[in-house]
file run_31.cif (mmCIF, C-alpha atoms and all ligand atoms)
data_work
loop_
_atom_site.label_atom_id
_atom_site.label_comp_id
_atom_site.auth_asym_id
_atom_site.auth_seq_id
_atom_site.Cartn_x
_atom_site.Cartn_y
_atom_site.Cartn_z
CA MET A 3 15.37 -12.80 -29.57
CA LYS A 4 18.24 -14.26 -27.58
CA THR A 5 20.77 -11.53 -26.74
CA PRO A 6 24.37 -12.23 -27.72
CA GLY A 7 25.45 -11.01 -24.27
CA SER A 8 24.07 -11.19 -20.75
CA VAL A 9 21.57 -8.69 -19.28
CA THR A 10 21.73 -8.16 -15.51
CA PRO A 11 19.01 -6.36 -13.53
CA LEU A 12 20.66 -3.73 -11.32
CA PHE A 13 19.14 -1.30 -8.78
CA VAL A 14 15.96 -3.32 -8.68
CA THR A 15 12.71 -1.95 -7.22
CA ASN A 16 11.00 -4.67 -5.22
CA LEU A 17 7.34 -5.18 -4.38
CA TYR A 18 6.33 -7.72 -1.74
CA ARG A 19 2.99 -9.49 -1.99
CA ALA A 20 1.26 -12.08 0.18
CA ASP A 21 -2.32 -13.26 -0.40
CA LEU A 22 -3.57 -14.42 2.96
CA ALA A 23 -7.31 -14.97 2.42
CA GLY A 24 -8.48 -18.54 2.90
CA GLN A 25 -6.59 -19.01 6.16
CA GLY A 26 -9.20 -19.32 8.94
CA LYS A 27 -7.50 -16.78 11.19
CA VAL A 28 -7.11 -14.22 8.42
CA ASP A 29 -10.71 -14.64 7.20
CA ALA A 30 -11.96 -13.92 10.74
CA LEU A 31 -9.61 -10.93 10.90
CA LEU A 32 -10.96 -9.61 7.58
CA GLU A 33 -14.54 -9.74 8.85
CA ASP A 34 -13.60 -7.98 12.08
CA LEU A 35 -11.57 -5.36 10.24
CA ASP A 36 -14.39 -4.64 7.81
CA ASP A 37 -16.82 -4.00 10.70
CA THR A 38 -14.32 -2.04 12.80
CA CYS A 39 -13.11 0.19 9.95
CA ARG A 40 -16.70 1.13 9.09
CA ALA A 41 -17.58 1.75 12.77
CA ILE A 42 -14.55 3.99 13.32
CA ALA A 43 -15.30 5.90 10.10
CA ASP A 44 -18.85 6.54 11.36
CA GLU A 45 -17.62 7.86 14.73
CA ASP A 46 -14.49 9.82 13.81
CA GLU A 47 -15.78 13.30 13.04
CA ALA A 48 -12.29 14.84 12.91
CA GLY A 49 -11.34 12.27 10.26
CA GLN A 50 -14.54 12.87 8.31
CA THR A 51 -13.88 16.62 8.30
CA TRP A 52 -10.23 16.20 7.29
CA SER A 53 -11.18 13.84 4.45
CA GLN A 54 -13.76 16.31 3.19
CA GLN A 55 -11.36 19.27 3.41
CA LYS A 56 -8.65 17.38 1.51
CA GLY A 57 -11.04 16.18 -1.20
CA TYR A 58 -10.69 12.53 -0.19
CA VAL A 59 -13.87 10.89 -1.50
CA GLY A 60 -14.62 8.64 1.44
CA TYR A 61 -12.90 8.46 4.81
CA THR A 62 -9.32 8.16 6.01
CA SER A 63 -8.10 8.18 9.61
CA TYR A 64 -4.63 9.26 8.38
CA ALA A 65 -4.66 12.67 10.09
CA SER A 66 -7.07 12.05 12.97
CA LEU A 67 -6.16 8.76 14.71
CA ASN A 68 -2.65 7.57 15.58
CA ASP A 69 -3.49 4.73 17.96
CA LEU A 70 -5.37 2.08 15.97
CA PRO A 71 -3.57 -0.96 17.51
CA ALA A 72 -4.37 0.38 21.01
CA ARG A 73 -7.89 1.49 20.06
CA ALA A 74 -9.14 -1.88 18.76
CA SER A 75 -7.58 -5.32 19.24
CA VAL A 76 -8.22 -6.23 15.61
CA PHE A 77 -5.53 -3.72 14.57
CA ALA A 78 -3.11 -5.21 17.11
CA GLU A 79 -3.78 -8.61 15.51
CA LEU A 80 -3.18 -7.13 12.08
CA LYS A 81 0.07 -5.56 13.32
CA ALA A 82 1.24 -8.98 14.55
CA VAL A 83 0.62 -10.42 11.07
CA LEU A 84 2.31 -7.50 9.32
CA ASP A 85 5.41 -7.51 11.56
CA GLY A 86 6.36 -10.94 10.16
CA HIS A 87 5.87 -9.89 6.54
CA VAL A 88 7.82 -6.66 6.99
CA ALA A 89 10.70 -8.56 8.63
CA ALA A 90 10.70 -11.05 5.73
CA PHE A 91 10.74 -8.23 3.17
CA ALA A 92 13.56 -6.40 5.00
CA GLU A 93 15.51 -9.67 4.89
CA ALA A 94 14.78 -10.13 1.18
CA LEU A 95 16.03 -6.56 0.56
CA ASP A 96 19.30 -7.30 2.43
CA PHE A 97 18.74 -4.36 4.77
CA ASP A 98 21.51 -4.10 7.34
CA LEU A 99 19.51 -3.22 10.46
CA HIS A 100 22.32 -3.95 12.93
CA GLY A 101 20.25 -6.70 14.54
CA LYS A 102 17.26 -4.42 15.10
CA LYS A 103 13.76 -4.76 13.67
CA LEU A 104 11.68 -2.27 11.75
CA LYS A 105 8.80 -1.06 13.88
CA LEU A 106 5.30 0.04 12.99
CA ASP A 107 5.10 3.81 13.37
CA SER A 108 1.72 4.55 11.83
CA MET A 109 -1.36 2.74 10.61
CA TRP A 110 -4.53 4.23 9.15
CA ILE A 111 -7.87 3.26 7.62
CA ASN A 112 -8.88 4.14 4.05
CA ILE A 113 -12.48 3.81 2.92
CA LEU A 114 -12.60 4.93 -0.69
CA GLU A 115 -16.06 5.62 -2.08
CA PRO A 116 -16.95 4.97 -5.74
CA MET A 117 -15.17 7.53 -7.99
CA GLY A 118 -12.72 8.37 -5.21
CA HIS A 119 -8.97 8.20 -5.81
CA HIS A 120 -5.70 9.00 -4.06
CA SER A 121 -3.21 10.89 -6.20
CA SER A 122 0.46 10.04 -6.60
CA HIS A 123 2.57 10.27 -3.42
CA ILE A 124 5.42 8.82 -1.36
CA HIS A 125 5.54 8.17 2.40
CA PRO A 126 8.28 10.40 3.90
CA HIS A 127 10.18 9.56 7.14
CA SER A 128 9.56 5.86 6.72
CA VAL A 129 11.42 2.77 5.47
CA ILE A 130 8.78 0.24 4.43
CA SER A 131 5.20 1.18 3.62
CA GLY A 132 2.34 -0.98 2.62
CA THR A 133 -1.33 -1.76 2.59
CA PHE A 134 -3.50 -4.60 3.81
CA TYR A 135 -6.65 -4.91 1.74
CA VAL A 136 -9.89 -5.53 3.61
CA SER A 137 -12.62 -5.17 0.99
CA ILE A 138 -11.95 -5.12 -2.75
CA PRO A 139 -15.25 -5.28 -4.59
CA GLU A 140 -15.44 -6.00 -8.34
CA GLY A 141 -13.93 -3.09 -10.29
CA ALA A 142 -12.23 -1.51 -7.26
CA SER A 143 -9.01 0.44 -7.90
CA ALA A 144 -5.68 -1.29 -8.23
CA LEU A 145 -2.48 0.15 -6.75
CA ARG A 146 -0.42 1.96 -9.41
CA LEU A 147 3.34 2.08 -8.89
CA GLU A 148 5.67 4.43 -10.76
CA ASP A 149 9.25 3.78 -11.87
CA PRO A 150 11.36 5.92 -9.46
CA ARG A 151 13.75 6.74 -12.33
CA LEU A 152 11.01 8.25 -14.49
CA ALA A 153 12.38 11.80 -14.11
CA PHE A 154 15.68 10.66 -15.71
CA MET A 155 13.99 9.21 -18.77
CA MET A 156 13.48 12.37 -20.83
CA HIS A 157 14.78 10.80 -24.03
CA ALA A 158 14.22 7.11 -23.35
CA PRO A 159 11.90 5.24 -25.73
CA LEU A 160 8.53 4.19 -24.40
CA ARG A 161 8.30 0.52 -23.47
CA LYS A 162 6.24 -1.99 -25.44
CA ALA A 163 2.93 -2.59 -23.66
CA SER A 164 3.56 -6.29 -24.23
CA GLY A 165 6.99 -6.04 -22.54
CA LYS A 166 7.97 -7.40 -19.16
CA ALA A 167 6.38 -5.88 -16.03
CA GLU A 168 9.84 -4.90 -14.76
CA HIS A 169 10.39 -2.75 -17.85
CA GLN A 170 7.15 -0.75 -17.60
CA SER A 171 7.15 2.81 -16.22
CA PHE A 172 3.82 2.25 -14.45
CA VAL A 173 2.57 -1.03 -13.04
CA ASN A 174 -0.94 -1.66 -11.78
CA VAL A 175 -1.20 -4.30 -9.08
CA THR A 176 -4.66 -5.66 -8.34
CA PRO A 177 -5.10 -6.77 -4.74
CA MET A 178 -7.76 -9.03 -3.24
CA ALA A 179 -9.24 -8.97 0.24
CA GLY A 180 -6.46 -10.39 2.42
CA THR A 181 -3.58 -9.19 0.22
CA VAL A 182 -0.57 -7.53 1.86
CA LEU A 183 1.53 -5.32 -0.41
CA LEU A 184 4.82 -3.83 0.82
CA TRP A 185 7.26 -1.49 -0.91
CA GLU A 186 10.06 0.87 0.05
CA SER A 187 8.52 4.11 1.29
CA TRP A 188 10.22 6.29 -1.35
CA LEU A 189 8.38 4.49 -4.15
CA ARG A 190 5.77 6.77 -5.67
CA HIS A 191 2.31 5.23 -5.96
CA GLU A 192 -1.33 6.16 -6.40
CA VAL A 193 -4.79 4.70 -6.18
CA PRO A 194 -6.63 5.34 -9.47
CA ILE A 195 -10.35 6.13 -9.55
CA ASN A 196 -12.48 3.53 -7.79
CA LEU A 197 -14.79 2.35 -10.58
CA SER A 198 -16.57 -0.10 -8.30
CA ASP A 199 -20.15 0.55 -7.13
CA ASP A 200 -19.01 -0.14 -3.59
CA VAL A 201 -16.44 1.14 -1.10
CA ARG A 202 -12.84 -0.12 -1.22
CA ILE A 203 -11.50 -0.65 2.29
CA SER A 204 -7.82 -0.91 3.17
CA VAL A 205 -5.45 -0.32 6.06
CA SER A 206 -2.14 1.35 5.23
CA PHE A 207 0.96 1.60 7.40
CA ASN A 208 4.53 2.80 7.71
CA TYR A 209 7.44 0.97 9.34
CA GLY A 210 10.58 2.82 10.38
FE FE A 301 0.30 5.60 -0.02
#
call {"tool": "encode", "arguments": {"input": "run_31.cif", "output": "structure tokens"}}
result
Amino acid sequence: MKTPGSVTPLFVTNLYRADLAGQGKVDALLEDLDDTCRAIADEDEAGQTWSQQKGYVGYTSYASLNDLPARASVFAELKAVLDGHVAAFAEALDFDLHGKKLKLDSMWINILEPMGHHSSHIHPHSVISGTFYVSIPEGASALRLEDPRLAFMMHAPLRKASGKAEHQSFVNVTPMAGTVLLWESWLRHEVPINLSDDVRISVSFNYG
């Protein structure tokens, strides 16, 4: 139905997406990242222990390694790719950075085994967060984003499932290998159960 007045989106929550697979350089990077992430996961006993203690089904370097771009050149190459996308997103968001650039302040590997998940969370002390997807086998988890205003919506009607994505309270975004997703770090998100038979590999990061 055409509305008799105008409807203006205000206070918009933005998600940035770039699908980079198919570019020769990125495809080589994906192969390297896949090998390197698995090799680091095999070696990093502190990370394995932390993942086990926290109930992370798989491996994450989140709490054990803070030097990925220095540790392996493939992460420095990834950082160089991401820097451009983060700058473009900051521009699209009209951030006033006083001529400065957002800088990578952390980057970590996630290898999620079948039936693993990562419950709902935000990324404190950060401006832009995101994930670069390395291996997304058939049936692997999407990224689920939550409307940041959900807590205010005690008496609001539910939205039609057939309604626009921007009106839903939860949105699942399905990445591919080579996808970069970026969002503002305060945006709550989760990784639902990995229903694939294989591991889902990604590299997440924070820019401040
Ligand atoms: Fe996250």
call {"tool": "closest_residue", "arguments": {"input": "run_31.cif", "among": "A:Val129, A:Glu140, A:Ser75, A:Lys27", "to": "Leu99 (chain A)", "atoms": "all atoms listed in the file"}}
result
A:Val129
call {"tool": "axis_aligned_box", "arguments": {"input": "run_31.cif", "around": "region 40-47 of chain A", "padding_each_side": "3 Å", "output": "JSON"}}
result
{"center_x": -16.7, "center_y": 7.2, "center_z": 11.9, "size_x": 10.4, "size_y": 18.2, "size_z": 11.6}
call {"tool": "closest_atom_pairs", "arguments": {"input": "run_31.cif", "of": "chain A", "to": "ligand FE 301 (chain A)", "cutoff": "7 Å", "atoms": "only C-alpha atoms and all ligand atoms", "output": "CSV"}}
result
residue,atom,partner,partner_atom,distance
A:His123,CA,A:FE301,FE,6.2
A:Ile124,CA,A:FE301,FE,6.2
A:His125,CA,A:FE301,FE,6.3
A:His191,CA,A:FE301,FE,6.3
A:Glu192,CA,A:FE301,FE,6.6
call {"tool": "closest_residue", "arguments": {"input": "run_31.cif", "among": "A:Phe97, A:Thr15, A:Leu114, A:Gly86", "to": "His169 (chain A)", "atoms": "only C-alpha atoms"}}
result
A:Thr15
call {"tool": "atom_distance", "arguments": {"input": "run_31.cif", "atom1": "CA of Ser187 (chain A)", "atom2": "CA of His127 (chain A)"}}
result
8.2 Å
call {"tool": "closest_residue", "arguments": {"input": "run_31.cif", "among": "A:Met117, A:Ala158, A:Ala90, A:Leu67", "to": "Ile195 (chain A)", "atoms": "only C-alpha atoms"}}
result
A:Met117
call {"tool": "atom_distance", "arguments": {"input": "run_31.cif", "atom1": "CA of Val76 (chain A)", "atom2": "CA of Ala179 (chain A)"}}
result
15.6 Å
call {"tool": "residues_around", "arguments": {"input": "run_31.cif", "residues": "Ala23 (chain A)", "least_positions_apart": "4", "cutoff": "10 Å", "atoms": "all atoms listed in the file", "output": "JSON, numbers by chain"}}
result
{"A": [27, 28, 29, 30, 31, 32, 136, 178, 179, 180, 181]}
call {"tool": "atom_distance", "arguments": {"input": "run_31.cif", "atom1": "CA of Val193 (chain A)", "atom2": "CA of Ala48 (chain A)"}}
result
22.9 Å
call {"tool": "closest_residue", "arguments": {"input": "run_31.cif", "among": "A:Leu197, A:Ala78, A:Leu184, A:Val175", "to": "Tyr209 (chain A)", "atoms": "only C-alpha atoms"}}
result
A:Leu184
call {"tool": "residues_around", "arguments": {"input": "run_31.cif", "residues": "Trp52 (chain A)", "least_positions_apart": "6", "cutoff": "12 Å", "atoms": "only C-alpha atoms", "output": "PyMOL selection string"}}
result
chain A and resi 43+46+58-67
call {"tool": "write_last_selection", "arguments": {"input": "run_31.cif", "atoms": "C-alpha atoms", "output": "mmCIF file, keeping the file's coordinate frame"}}
result
data_model
loop_
_atom_site.group_PDB
_atom_site.id
_atom_site.type_symbol
_atom_site.label_atom_id
_atom_site.label_comp_id
_atom_site.auth_asym_id
_atom_site.auth_seq_id
_atom_site.Cartn_x
_atom_site.Cartn_y
_atom_site.Cartn_z
ATOM 1 C CA ALA A 43 -15.300 5.900 10.100
ATOM 2 C CA ASP A 46 -14.490 9.820 13.810
ATOM 3 C CA TYR A 58 -10.690 12.530 -0.190
ATOM 4 C CA VAL A 59 -13.870 10.890 -1.500
ATOM 5 C CA GLY A 60 -14.620 8.640 1.440
ATOM 6 C CA TYR A 61 -12.900 8.460 4.810
ATOM 7 C CA THR A 62 -9.320 8.160 6.010
ATOM 8 C CA SER A 63 -8.100 8.180 9.610
ATOM 9 C CA TYR A 64 -4.630 9.260 8.380
ATOM 10 C CA ALA A 65 -4.660 12.670 10.090
ATOM 11 C CA SER A 66 -7.070 12.050 12.970
ATOM 12 C CA LEU A 67 -6.160 8.760 14.710
#
call {"tool": "closest_residue", "arguments": {"input": "run_31.cif", "among": "A:Lys81, A:Val173, A:Pro11, A:Gly118", "to": "Lys56 (chain A)", "atoms": "only C-alpha atoms"}}
result
A:Gly118
call {"tool": "closest_residue", "arguments": {"input": "run_31.cif", "among": "A:Asn112, A:Ser171, A:Ser143, A:Ser131", "to": "Ser198 (chain A)", "atoms": "all atoms listed in the file"}}
result
A:Ser143
call {"tool": "residues_near_point", "arguments": {"input": "run_31.cif", "point": "(-11.5, -3.9, 9.8)", "cutoff": "9 Å", "atoms": "all atoms listed in the file", "output": "list of chain:residue names"}}
result
A:Leu31, A:Leu32, A:Glu33, A:Asp34, A:Leu35, A:Asp36, A:Asp37, A:Thr38, A:Cys39, A:Arg40, A:Ala41, A:Val76, A:Phe77, A:Ile111, A:Val136, A:Ser137, A:Ile203, A:Ser204, A:Val205
call {"tool": "residues_around", "arguments": {"input": "run_31.cif", "residues": "Ala142 (chain A)", "least_positions_apart": "5", "cutoff": "9 Å", "atoms": "only C-alpha atoms", "output": "list in words"}}
result
Pro116, Thr176, Ile195, Asn196, Leu197, Ser198, Asp199, Asp200, Val201 and Arg202 of chain A
